[in-house]
file input-v6.txt (compact mmCIF, C-alpha atoms and all ligand atoms)
# COMPACT_ATOMS: atom_id res chain seq x y z
CA MET A 1 128.16 113.35 95.95
CA PRO A 2 126.88 110.71 98.38
CA ASN A 3 124.24 108.29 97.16
CA THR A 4 120.83 109.54 98.27
CA TYR A 5 117.86 107.25 98.77
CA LYS A 6 114.27 108.34 99.03
CA ILE A 7 112.63 106.25 101.75
CA ALA A 8 108.86 106.14 102.20
CA VAL A 9 108.18 105.39 105.85
CA ILE A 10 104.89 103.89 107.01
CA PRO A 11 105.07 103.69 110.82
CA GLY A 12 101.49 102.35 110.96
CA ASP A 13 99.68 101.27 114.12
CA GLY A 14 100.40 100.06 117.62
CA THR A 15 104.08 99.54 118.30
CA GLY A 16 104.92 100.19 114.61
CA PRO A 17 105.98 103.81 115.20
CA GLU A 18 108.14 102.83 118.19
CA VAL A 19 110.14 100.22 116.30
CA ILE A 20 110.43 102.32 113.14
CA ARG A 21 111.80 105.20 115.22
CA GLU A 22 114.64 102.93 116.39
CA GLY A 23 115.18 101.54 112.91
CA LEU A 24 115.56 105.05 111.48
CA LYS A 25 117.95 105.95 114.30
CA VAL A 26 120.18 103.04 113.26
CA ILE A 27 119.86 103.81 109.52
CA ASP A 28 120.78 107.44 110.17
CA THR A 29 123.92 106.43 112.04
CA ALA A 30 124.85 103.95 109.31
CA ALA A 31 124.32 106.66 106.68
CA LYS A 32 126.77 109.01 108.40
CA LYS A 33 129.30 106.27 108.93
CA PHE A 34 129.14 104.77 105.43
CA GLY A 35 128.60 107.99 103.50
CA PHE A 36 125.11 107.87 102.03
CA LYS A 37 121.92 109.83 102.60
CA CYS A 38 118.32 108.90 103.23
CA ASP A 39 115.53 111.38 102.54
CA VAL A 40 112.60 110.18 104.55
CA LYS A 41 108.94 110.94 103.95
CA ASN A 42 106.22 109.72 106.28
CA PHE A 43 102.94 108.19 105.13
CA ASP A 44 100.11 107.75 107.60
CA PHE A 45 98.46 104.63 106.17
CA SER A 46 97.10 102.85 109.23
CA GLY A 47 94.11 101.41 111.01
CA ALA A 48 93.89 104.61 113.02
CA ARG A 49 93.56 106.71 109.85
CA TYR A 50 91.00 104.28 108.44
CA LEU A 51 88.85 104.58 111.57
CA LYS A 52 89.00 108.37 111.35
CA THR A 53 88.62 108.90 107.59
CA GLY A 54 87.64 105.56 106.01
CA LYS A 55 90.73 105.83 103.80
CA LEU A 56 92.90 102.90 102.84
CA VAL A 57 95.74 102.91 100.27
CA ASP A 58 94.46 104.19 96.91
CA ASP A 59 95.90 104.28 93.41
CA ASN A 60 97.26 107.82 93.82
CA ASP A 61 99.15 106.70 96.90
CA ILE A 62 100.65 103.86 94.88
CA GLU A 63 101.76 106.24 92.10
CA GLU A 64 103.40 108.43 94.75
CA LEU A 65 105.17 105.46 96.35
CA LYS A 66 106.56 104.39 92.99
CA LYS A 67 108.82 107.47 93.10
CA PHE A 68 110.69 106.14 96.15
CA SER A 69 113.79 103.98 96.42
CA ALA A 70 112.19 101.75 99.06
CA ILE A 71 109.44 101.57 101.67
CA TYR A 72 110.00 101.00 105.38
CA LEU A 73 106.91 99.70 107.17
CA GLY A 74 106.28 99.28 110.91
CA ALA A 75 102.98 97.41 111.32
CA VAL A 76 99.40 97.92 110.27
CA GLY A 77 96.62 96.51 112.45
CA ASP A 78 93.99 97.85 114.81
CA PRO A 79 91.83 95.67 117.06
CA ASN A 80 88.86 97.95 116.32
CA VAL A 81 88.91 97.22 112.61
CA ARG A 82 87.24 94.03 111.38
CA PRO A 83 89.87 91.45 110.23
CA GLY A 84 90.50 91.54 106.50
CA ILE A 85 89.97 95.24 105.80
CA LEU A 86 93.43 96.59 106.61
CA GLU A 87 95.14 93.45 105.36
CA ALA A 88 93.51 93.77 101.94
CA GLY A 89 93.38 97.57 101.85
CA VAL A 90 96.87 98.37 103.05
CA LEU A 91 99.42 95.55 103.33
CA LEU A 92 98.30 93.30 100.49
CA LYS A 93 97.34 96.29 98.36
CA LEU A 94 100.94 97.54 98.64
CA ARG A 95 102.47 94.12 98.00
CA PHE A 96 100.24 93.40 95.00
CA THR A 97 100.08 96.75 93.23
CA LEU A 98 103.81 97.36 93.61
CA ASP A 99 104.26 93.79 92.32
CA GLU A 100 106.52 92.83 95.20
CA TYR A 101 106.40 89.23 94.13
CA ILE A 102 108.97 87.87 96.55
CA ASN A 103 108.70 87.82 100.32
CA LEU A 104 112.20 87.18 101.54
CA ARG A 105 112.39 85.93 105.10
CA PRO A 106 115.76 84.98 106.62
CA VAL A 107 115.64 82.60 109.57
CA LYS A 108 118.90 83.13 111.41
CA LEU A 109 119.63 82.41 115.03
CA TYR A 110 121.95 85.04 116.51
CA SER A 111 122.56 83.41 119.88
CA PRO A 112 122.08 79.82 121.13
CA ASP A 113 120.43 81.30 124.24
CA TYR A 114 117.32 82.25 122.29
CA CYS A 115 116.65 79.04 120.39
CA PRO A 116 113.78 76.99 121.83
CA LEU A 117 115.24 73.86 120.18
CA LYS A 118 117.46 71.79 122.45
CA GLY A 119 121.06 71.54 121.29
CA LYS A 120 120.76 73.79 118.23
CA SER A 121 123.32 76.52 117.65
CA PRO A 122 123.54 79.49 115.25
CA GLU A 123 125.22 77.24 112.64
CA ASP A 124 122.16 74.98 112.68
CA VAL A 125 119.52 77.67 112.26
CA ASP A 126 120.55 79.72 109.25
CA PHE A 127 118.31 79.53 106.21
CA VAL A 128 116.15 81.78 104.06
CA VAL A 129 112.55 81.32 102.98
CA VAL A 130 111.64 82.70 99.55
CA ARG A 131 107.87 83.08 99.73
CA GLU A 132 105.86 83.78 96.57
CA ASN A 133 104.09 87.04 97.41
CA SER A 134 101.58 87.82 94.68
CA GLU A 135 99.44 84.74 93.95
CA GLY A 136 98.23 81.47 95.47
CA LEU A 137 95.44 81.57 98.03
CA TYR A 138 96.18 85.25 98.62
CA LYS A 139 94.82 86.17 95.20
CA GLY A 140 91.38 86.58 96.77
CA MET A 141 89.61 84.42 94.20
CA GLY A 142 86.57 82.44 95.20
CA GLU A 143 82.89 82.65 95.94
CA PHE A 144 80.06 81.79 98.25
CA ARG A 145 77.33 79.54 96.98
CA ASN A 146 74.00 79.60 98.81
CA LYS A 147 75.48 81.91 101.42
CA GLY A 148 73.82 81.73 104.81
CA THR A 149 71.93 78.52 104.06
CA ARG A 150 72.50 74.93 105.18
CA GLU A 151 73.69 74.25 101.62
CA GLU A 152 76.39 76.90 101.79
CA VAL A 153 79.69 76.32 99.99
CA ALA A 154 82.70 78.66 100.33
CA VAL A 155 85.30 78.31 97.60
CA GLN A 156 88.80 79.83 97.91
CA ILE A 157 91.04 79.35 94.93
CA SER A 158 94.80 78.95 94.85
CA TYR A 159 95.78 80.80 91.69
CA ASN A 160 99.20 79.90 90.26
CA THR A 161 100.40 81.16 86.91
CA ARG A 162 103.34 79.67 85.04
CA LYS A 163 104.87 83.16 84.84
CA GLY A 164 104.28 83.87 88.51
CA VAL A 165 105.69 80.55 89.66
CA GLU A 166 108.63 80.78 87.29
CA ARG A 167 109.75 84.27 88.31
CA CYS A 168 109.63 83.23 91.96
CA LEU A 169 111.62 80.05 91.30
CA ARG A 170 114.21 81.91 89.24
CA TYR A 171 114.64 84.45 92.00
CA ALA A 172 115.15 81.58 94.47
CA PHE A 173 117.76 79.83 92.29
CA GLU A 174 119.66 83.09 91.76
CA PHE A 175 119.43 83.89 95.45
CA THR A 176 120.77 80.46 96.43
CA ARG A 177 123.70 80.90 94.07
CA LYS A 178 124.47 84.39 95.36
CA ARG A 179 124.14 83.36 99.00
CA ASN A 180 126.73 80.71 98.25
CA ARG A 181 126.36 78.84 101.54
CA ARG A 182 125.30 75.26 100.98
CA LYS A 183 123.92 75.95 97.50
CA LYS A 184 120.84 73.91 98.23
CA LEU A 185 117.33 74.92 97.25
CA THR A 186 114.35 73.07 98.74
CA LEU A 187 110.93 73.31 97.14
CA CYS A 188 108.32 73.19 99.92
CA GLY A 189 104.90 72.10 98.66
CA LYS A 190 102.15 69.54 98.88
CA THR A 191 102.37 67.53 95.66
CA ASN A 192 100.61 64.55 97.23
CA VAL A 193 97.28 66.36 97.73
CA LEU A 194 97.24 69.71 95.88
CA THR A 195 97.80 68.00 92.56
CA TYR A 196 97.15 70.95 90.24
CA ALA A 197 99.04 73.77 91.90
CA TRP A 198 102.01 71.71 93.00
CA ASP A 199 102.25 69.81 89.77
CA LEU A 200 102.94 73.14 88.07
CA TRP A 201 105.38 74.23 90.77
CA GLU A 202 107.23 70.92 90.67
CA ARG A 203 107.49 70.80 86.86
CA ALA A 204 108.74 74.38 86.67
CA PHE A 205 111.18 73.78 89.55
CA TYR A 206 112.94 70.83 87.91
CA GLU A 207 112.93 72.47 84.47
CA ILE A 208 114.60 75.61 85.78
CA ALA A 209 116.96 73.54 87.92
CA LYS A 210 118.63 72.35 84.69
CA GLU A 211 119.93 75.90 84.23
CA TYR A 212 121.53 75.79 87.68
CA PRO A 213 123.72 72.66 87.77
CA ASP A 214 125.68 74.17 90.69
CA ILE A 215 122.56 74.17 92.91
CA THR A 216 121.45 71.02 94.73
CA THR A 217 117.68 70.64 94.61
CA ASP A 218 115.42 69.02 97.15
CA TYR A 219 111.70 68.70 97.77
CA ALA A 220 109.76 68.52 101.05
CA HIS A 221 106.04 68.52 101.74
CA VAL A 222 104.99 71.47 103.85
CA ASP A 223 103.94 69.34 106.82
CA ALA A 224 107.30 67.56 106.79
CA THR A 225 109.03 70.94 106.44
CA ALA A 226 107.39 72.03 109.70
CA MET A 227 108.69 68.88 111.35
CA TRP A 228 112.25 69.36 110.00
CA PHE A 229 112.31 73.00 111.17
CA VAL A 230 112.11 71.62 114.70
CA LYS A 231 114.07 68.40 114.30
CA ASN A 232 116.82 69.24 111.76
CA PRO A 233 116.80 72.93 110.80
CA GLU A 234 120.43 72.53 109.66
CA TRP A 235 119.17 70.67 106.59
CA PHE A 236 117.94 73.88 105.02
CA ASP A 237 119.77 76.54 103.06
CA VAL A 238 117.13 78.23 100.89
CA ILE A 239 113.47 77.19 100.76
CA VAL A 240 111.07 78.31 98.03
CA THR A 241 107.32 78.00 98.53
CA ASP A 242 103.94 79.51 97.75
CA ASN A 243 102.27 82.41 99.51
CA MET A 244 100.18 80.51 102.07
CA PHE A 245 102.76 77.91 103.03
CA GLY A 246 105.39 80.65 103.21
CA ASP A 247 103.20 82.64 105.58
CA ILE A 248 102.81 79.69 107.92
CA ILE A 249 106.33 78.26 107.95
CA THR A 250 107.92 81.69 108.48
CA ASP A 251 106.06 82.15 111.76
CA LEU A 252 107.52 78.83 112.87
CA GLY A 253 110.86 80.00 111.46
CA ALA A 254 110.61 83.19 113.53
CA MET A 255 110.16 81.14 116.69
CA ILE A 256 113.27 79.01 116.13
CA GLN A 257 115.38 82.11 115.49
CA GLY A 258 114.31 83.65 118.79
CA GLY A 259 110.79 85.00 118.24
CA MET A 260 108.88 87.82 116.57
CA GLY A 261 111.17 90.37 118.20
CA ILE A 262 113.99 89.50 115.82
CA ALA A 263 112.28 88.27 112.61
CA ALA A 264 112.53 90.60 109.61
CA GLY A 265 111.42 90.37 106.03
CA GLY A 266 111.43 92.11 102.68
CA ASN A 267 108.69 92.33 100.05
CA ILE A 268 110.81 92.47 96.95
CA ASN A 269 110.16 93.69 93.44
CA PRO A 270 113.59 93.22 91.86
CA GLN A 271 112.73 95.77 89.15
CA GLY A 272 110.67 98.15 91.28
CA VAL A 273 110.02 99.46 94.78
CA SER A 274 110.55 96.98 97.62
CA MET A 275 109.10 97.20 101.11
CA PHE A 276 110.77 96.06 104.32
CA GLU A 277 109.01 95.20 107.56
CA PRO A 278 109.32 93.32 110.82
CA ILE A 279 107.28 90.09 110.50
CA GLY A 280 105.41 90.69 113.77
CA GLY A 281 102.24 92.75 113.99
CA SER A 282 101.21 95.96 115.74
CA ALA A 283 101.20 94.33 119.22
CA PRO A 284 98.42 96.59 120.63
CA LYS A 285 98.92 95.48 124.22
CA TYR A 286 102.48 96.82 124.28
CA THR A 287 101.75 100.09 122.49
CA GLY A 288 103.34 103.24 123.87
CA GLN A 289 105.17 101.47 126.69
CA ASN A 290 108.65 101.53 125.18
CA VAL A 291 109.00 97.78 125.85
CA ILE A 292 108.68 96.22 122.38
CA ASN A 293 111.79 94.70 120.79
CA PRO A 294 112.90 96.92 117.87
CA LEU A 295 115.50 94.48 116.52
CA ALA A 296 113.18 92.98 113.89
CA ALA A 297 112.54 96.46 112.50
CA ILE A 298 116.24 97.29 112.73
CA CYS A 299 117.11 94.09 110.83
CA ALA A 300 114.45 94.94 108.22
CA GLY A 301 116.16 98.32 107.84
CA GLY A 302 119.44 96.47 107.31
CA MET A 303 117.85 94.32 104.61
CA MET A 304 116.55 97.50 102.96
CA LEU A 305 120.05 98.99 102.85
CA GLU A 306 121.43 95.78 101.36
CA THR A 307 118.81 95.87 98.61
CA LEU A 308 119.64 99.52 97.93
CA GLY A 309 123.27 98.50 97.43
CA GLU A 310 124.67 99.62 100.79
CA VAL A 311 126.02 96.15 101.50
CA GLU A 312 128.70 97.22 103.98
CA ALA A 313 126.28 99.26 106.05
CA SER A 314 123.83 96.37 106.08
CA LYS A 315 126.51 93.95 107.24
CA ALA A 316 127.58 96.39 109.96
CA ILE A 317 124.01 96.64 111.23
CA GLU A 318 123.68 92.87 111.38
CA ASP A 319 127.00 92.57 113.23
CA ALA A 320 125.90 95.23 115.72
CA VAL A 321 122.59 93.42 116.28
CA ILE A 322 124.45 90.14 116.87
CA LYS A 323 126.72 91.82 119.40
CA VAL A 324 123.79 93.35 121.28
CA VAL A 325 121.87 90.07 121.24
CA GLN A 326 124.87 88.08 122.46
CA THR A 327 126.26 90.43 125.07
CA LYS A 328 123.52 92.73 126.33
CA LEU A 329 119.94 91.53 126.16
CA LYS A 330 118.36 89.28 128.79
CA SER A 331 115.64 88.14 126.41
CA LEU A 332 114.30 88.97 122.96
CA ALA A 333 110.71 89.21 124.24
CA ALA A 334 108.79 92.44 124.80
CA GLY A 335 109.22 93.75 128.35
CA LYS A 336 111.88 91.20 129.24
CA MET A 337 114.91 92.50 127.35
CA GLY A 338 116.43 94.22 130.39
CA PHE A 339 116.31 97.41 128.31
CA SER A 340 113.63 99.64 126.84
CA THR A 341 112.86 99.87 123.13
CA SER A 342 114.86 103.07 122.76
CA GLN A 343 117.77 101.72 124.81
CA VAL A 344 118.02 98.70 122.51
CA GLY A 345 118.15 101.09 119.55
CA ASP A 346 120.90 103.04 121.32
CA LEU A 347 122.87 99.86 121.97
CA VAL A 348 122.81 98.97 118.27
CA VAL A 349 123.93 102.50 117.40
CA GLU A 350 126.80 102.29 119.90
CA ASN A 351 127.97 99.01 118.40
CA LEU A 352 127.79 100.19 114.81
C1 LIG A 401 102.58 88.33 107.13
C2 LIG A 401 101.20 88.57 107.69
C3 LIG A 401 100.27 88.93 106.55
C4 LIG A 401 100.24 87.76 105.59
C5 LIG A 401 98.84 89.32 106.98
C6 LIG A 401 98.85 90.44 107.99
C7 LIG A 401 97.98 89.67 105.80
O1 LIG A 401 100.75 87.48 108.40
O2 LIG A 401 103.18 89.28 106.62
O3 LIG A 401 103.05 87.19 107.20
O4 LIG A 401 99.44 86.84 105.77
O5 LIG A 401 101.03 87.77 104.65
MN MN A 402 102.21 85.87 108.54

call {"tool": "encode", "arguments": {"input": "input-v6.txt", "output": "C-alpha cells", "more": "lines below"}}
Ligand code: IPM
Ligand code: MN
result
Amino acid sequence: MPNTYKIAVIPGDGTGPEVIREGLKVIDTAAKKFGFKCDVKNFDFSGARYLKTGKLVDDNDIEELKKFSAIYLGAVGDPNVRPGILEAGVLLKLRFTLDEYINLRPVKLYSPDYCPLKGKSPEDVDFVVVRENSEGLYKGMGEFRNKGTREEVAVQISYNTRKGVERCLRYAFEFTRKRNRRKKLTLCGKTNVLTYAWDLWERAFYEIAKEYPDITTDYAHVDATAMWFVKNPEWFDVIVTDNMFGDIITDLGAMIQGGMGIAAGGNINPQGVSMFEPIGGSAPKYTGQNVINPLAAICAGGMMLETLGEVEASKAIEDAVIKVVQTKLKSLAAGKMGFSTSQVGDLVVENL
C-alpha cells in the first residue's frame, strides 16, 4: 500500500489559485513517480469569501484542518479588505491555532544570473532562517491610551515566553545539526536596545548551546544582519530570530535568492499540522493572466513533501526547479520568464 497523505489546499486570492494549480501538478507527478498518494481537499478561505459572507477561519475549520497531514496555501489578500482583517482572521489564525511555531524560510540562490549582489554565486547564498512564528510583536498585545486625542499613546508589546523561545531555539539547533552544512547557528536579535526580550533570547540561546557542542554559535544584531545579507551572505548557515525580525529579513533574503517568485516557506508544528506557502502575496495586478512565477509555490510543495517524509521526491522537485531556472527561464519575475505560469509548471514536470 502506498503512503497516502491528506492535503488541505487553500488556493486563496489573486494569483494564489494559479500557483497552487502548478504546485499540485508537480506534486501529482512526483506522487506517481515516487509511489505515494495525495488526497486533496479544497478550502475556500479567502478575502473573496470574506467579502461575500463575512466569514474568516473559525474554530470548526481548525478542528477540520487538524485531521489533515499538511496544508498547502496559495495566498490570502484582497485589496478591497482593510489591512489587518485577513491577516489576523486567516493567516495568523491558522499559524497560531495550529501552533505552527516555526516559520522555516530557506534562502537559496539557484542561479548566479538571478542574484542582485555583484559577484555572489549559489555557494554564497545558501542559508535558512528559522523564524519564531507564534509570539513576539505578532501576539497582538497592546493598547491605545487616550485614543484620538493629542495625548494618544499606542502600545504594542513583544511577548516572549521562556517556553516559546526555547522550543524555537531547540528546533534551530536540531535543524542546524541535521542540515549538516557549516553547522553554524546565528542568533539574530537586538540585545543592545530591546534589553528585556533579547536578554531572554540570548540567555536561552547560550544555555541550550551547551547541549550542542558540535554547533558553532554566533550572534548578530538585526540591522547588521541586513547589512551582511548584502555584503557577505556566505557567512550564514542557519539563522534563528523572532517573529518580527524574521518577517523583515526574509523579504530581504527572498530578494538575494532571486525574488518573490522563488521564495518558499513552511509554517511548522513538529508535532502537528504544518502549512506550506510561497512567501509572496496574492499579487492582484497579475491575477488571471497566467504570468505569475509558480516556482515559489512549487518549492513550498517540495518542502511539504520533505516534511511528510517523501525526501526523495522533495529532492527531485528541487533538482527539477534548479534545472528549469538554470536552463530555461529568462527571468524569475512575473511576466518576464519567457514562459507562462502553466508552462513553467510543465517544465518542472518534464524535468522531474
Ligand atoms: C509573511 C507575511 C505575513 C507576516 C503577513 C501577511 C501577516 O508578511 O508571511 O511574511 O507578516 O508574517
Ligand atoms: Mn512577510

call {"tool": "residues_around", "arguments": {"input": "input-v6.txt", "residues": "A:Gly280", "least_positions_apart": "6", "cutoff": "12 Å", "atoms": "all atoms listed in the file", "output": "PyMOL selection string"}}
result
chain A and resi 14-16+19+73-77+247+250-251+254-255+259-265+292-297+300+333-334

call {"tool": "residues_around", "arguments": {"input": "input-v6.txt", "residues": "stretch 90-95 of chain A", "least_positions_apart": "6", "cutoff": "9 Å", "atoms": "all atoms listed in the file", "output": "list in words"}}
result
Phe45, Ser46, Gly47, Leu56, Val57, Asp58, Ile62, Ala75, Val76, Tyr101, Asn133, Ser134, Tyr138, Asn267, Ile268, Asn269, Ser274 and Met275 of chain A

call {"tool": "residues_around", "arguments": {"input": "input-v6.txt", "residues": "A:Leu252", "least_positions_apart": "5", "cutoff": "9 Å", "atoms": "only C-alpha atoms", "output": "PyMOL selection string"}}
result
chain A and resi 226+229-230+257+259

call {"tool": "write_last_selection", "arguments": {"input": "input-v6.txt", "atoms": "C-alpha atoms", "output": "PDB file, keeping the file's coordinate frame"}}
result
ATOM      1  CA  ALA A 226     107.390  72.030 109.700  1.00  0.00           C
ATOM      2  CA  PHE A 229     112.310  73.000 111.170  1.00  0.00           C
ATOM      3  CA  VAL A 230     112.110  71.620 114.700  1.00  0.00           C
ATOM      4  CA  GLN A 257     115.380  82.110 115.490  1.00  0.00           C
ATOM      5  CA  GLY A 259     110.790  85.000 118.240  1.00  0.00           C
TER       6      GLY A 259
END

call {"tool": "atom_distance", "arguments": {"input": "input-v6.txt", "atom1": "atom CA of A:Gly164", "atom2": "atom CA of A:Arg145"}}
result
28.6 Å

call {"tool": "residues_around", "arguments": {"input": "input-v6.txt", "residues": "A:Ala154", "least_positions_apart": "6", "cutoff": "9 Å", "atoms": "all atoms listed in the file", "output": "list of chain:residue names"}}
result
A:Gly142, A:Glu143, A:Phe144, A:Arg145, A:Asn146, A:Lys147

call {"tool": "atom_distance", "arguments": {"input": "input-v6.txt", "atom1": "atom O4 of ligand LIG 401 (chain A)", "atom2": "atom CA of A:Gly140"}}
result
12.1 Å

call {"tool": "closest_residue", "arguments": {"input": "input-v6.txt", "among": "A:Cys115, A:Ile256, A:Ile208, A:Ile279", "to": "ligand LIG 401 (chain A)", "atoms": "only C-alpha atoms and all ligand atoms"}}
result
A:Ile279

call {"tool": "residues_around", "arguments": {"input": "input-v6.txt", "residues": "A:Ile71", "least_positions_apart": "2", "cutoff": "10 Å", "atoms": "all atoms listed in the file", "output": "list in words"}}
result
Lys6, Ile7, Ala8, Val9, Ile10, Val40, Lys41, Asn42, Phe43, Leu65, Lys66, Phe68, Ser69, Leu73, Leu94, Gly266, Asn267, Val273, Ser274, Met275, Phe276, Glu277, Gly301 and Met304 of chain A

call {"tool": "residues_near_point", "arguments": {"input": "input-v6.txt", "point": "(124.3, 101.2, 106.8)", "cutoff": "6 Å", "atoms": "only C-alpha atoms", "output": "JSON, numbers by chain"}}
result
{"A": [27, 30, 31, 313, 314]}

call {"tool": "residues_near_point", "arguments": {"input": "input-v6.txt", "point": "(91.9, 75.4, 94.5)", "cutoff": "9 Å", "atoms": "only C-alpha atoms", "output": "ChimeraX atom specification"}}
result
/A:136-137,142,155-159,194,196-197

call {"tool": "closest_residue", "arguments": {"input": "input-v6.txt", "among": "A:Glu234, A:Val321, A:Ala209, A:Asp346", "to": "A:Pro122", "atoms": "all atoms listed in the file"}}
result
A:Glu234
